[in-house]
Each structure stands twice: as C-alpha cells, then as structure tokens.
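Chemist: Okay, here's the structure, questions in a sec.
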Amino acid sequence: MTQGEELVLDGKVISTNGRNDVHFERHFDVPTEELWSVITEPDRMAGWIGGPVDELELKEGGNVVIQIHPAGPATVYGKVLAYEPGHLLEMTWEVPAWGQVPDLLGTTMRWEVLPDGDGSKMLLTHSLPVEADRVHMFLGAWHAHLNEIPNALAGKYIPPFADKRMFAMREAYETKLGPVG
C-alpha cells in the first residue's frame, strides 16, 4: 500500500456452529494455473506466507510443515484434508505454543482457486474454534500475507514477515468489526 492509498479491509468473519471462519476473496490478473502455483509450490509460497515451506504433500493425508513466522518461531503442522489439483487445497492448521502465544489447535485452512473474468480469484477460509479468540489476529495476518501475492506472482523480492504490518492490520479489523464471538 502506498501513501495516500485507502486501506480496504476485505476480510470477513462468519460465525456458525461454535466456529469463526475468517474469509477473504481476492482477484488476481493471472490465469488460474499461475495463481495455483503460487499457493502450492513451496518455493513460491515461502515469500508471501511468511517463511519456508518445509513439507507440503499435495495429496489427501499428506503432511504440511510451514514456518509462518520463522523469527517467532511459529510453525504450522497439518494434514491435507482435501486436494483437487488446480482448484482446492484444504488442511488442518495447528501451531504449537511459542513465546507468549498459546497453542492454536483445531483450525483448518482452505484455499480455492477459480476463474474470474480475465484472471482468477482465491477464496481463503481459515476456520477457528470460537474459544481460540484470535479472529482479529488472523484477519490482520491473512490480509498482510495476501497483499504479498502480487509480488510473488511478479517474481519480486518479498521482505521477511513483519509483525508491525500484521499488528496494524489487526488493529484496523478490531476497529472495524469490534468484538467477535
């Protein structure tokens, strides 16, 4: 985002059945195959997702290990729940406690890629148990991560994950949405 550019908070929360689903829908001016490669090829993911992708087995039951915040350190451990090449990747998303941050267990992540006019769109849904109480944090974090995808698509350098970007986004979502339960 450049100075003078308006901040658009496009993340949404859907609360049902004891879960809060953090949801984003973003359009990208690239074919679906190109967007799919950025969200499923470990070398391309590493820049926008915040850190190295140590393991991503693209098959149901496959292992997932992603260092989402290497300086934290915060590492995601999961299993692929659903996989449709070129279209859908859904996985468990569990992060053991690190620093002052408690365990994050019982969450799932779902990425869908669809044609959208002359480009493509990504639907991201991160489903959290209500008791996780981290909706604003995930809205801010995913907003900041998704903002880096155009740079990944263009092959540009992406600086290491910066807490202050995520914290500023989290505060903006807290202001916009208020308490979420």
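Ligands are numbered from 1 in the order shown, chains are lettered A, B, ... in the order of the structure tokens, and residues start at 1 in each chain.
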Can you tell me, as a list in words, what residues are no more than 6 Å from segment 138-152 of chain A when counting only C-alpha atoms, ignoring any on the same chain fewer than 6 positions away?
Modeler: Trp48, Ile49, Met166, Met169 and Arg170 of chain A
Chemist: Just to be explicit: take each residue in the selection above, keep C-alpha atoms, and write the result as a PDB file, in the first residue's frame.
Modeler:
```pdb
ATOM      1  CA  TRP A  48       4.079 -14.492   0.700  1.00  0.00           C
ATOM      2  CA  ILE A  49       3.228 -16.910   3.510  1.00  0.00           C
ATOM      3  CA  MET A 166       0.126  -7.709  10.793  1.00  0.00           C
ATOM      4  CA  MET A 169      -3.971  -4.730  10.093  1.00  0.00           C
ATOM      5  CA  ARG A 170      -5.245  -6.481  13.232  1.00  0.00           C
TER       6      ARG A 170
END
```
Chemist: Would you please give, as a ChimeraX atom specification, all residues of chain A that DSSP assigns to strand (DSSP E or B) based on the backbone?
Modeler: /A:12-16,19-28,53-56,63-69,74-84,88-92,94-95,98,101,104,108-116,119-129
Chemist: Sorted by chain and rising residue number, list the residues of segment 24-43 of chain A at most 10 Å from segment 58-74 of chain A (counting only C-alpha atoms), each with its closest atom pair and distance in Å to one decimal, as a Markdown table.
Modeler:
```
| residue | atom | partner | partner_atom | distance |
| --- | --- | --- | --- | --- |
| A:Thr40 | CA | A:Leu58 | CA | 7.9 |
| A:Glu41 | CA | A:Leu58 | CA | 9.6 |
| A:Pro42 | CA | A:Ile66 | CA | 9.0 |
```
Chemist: Here is a test: counting only C-alpha atoms, which residue of A:Val130, A:Gly11, A:Ala97, A:Gly47 is nearest to Glu174 of chain A?
Modeler: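 Looking at the shortest contact to Glu174 of chain A, the residue is A:Gly11.
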Chemist: Give me the residues within 10 Å of Pro96 of chain A as a PyMOL selection string, counting only C-alpha atoms and dropping any in the same chain fewer than 6 places off.
Modeler: chain A and resi 73-77+102-105
Chemist: Just list the residues in segment 16-96 of chain A DSSP gives alpha helix (DSSP H) on the backbone, as a PyMOL selection string.
Modeler: chain A and resi 32-40+42-49
Chemist: Take atom CA of Phe24 of chain A and atom CA of Glu171 of chain A and report the distance between them in Å, one decimal.
Modeler: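 Value for the atom CA of Phe24 of chain A-atom CA of Glu171 of chain A distance: 17.3 Å.
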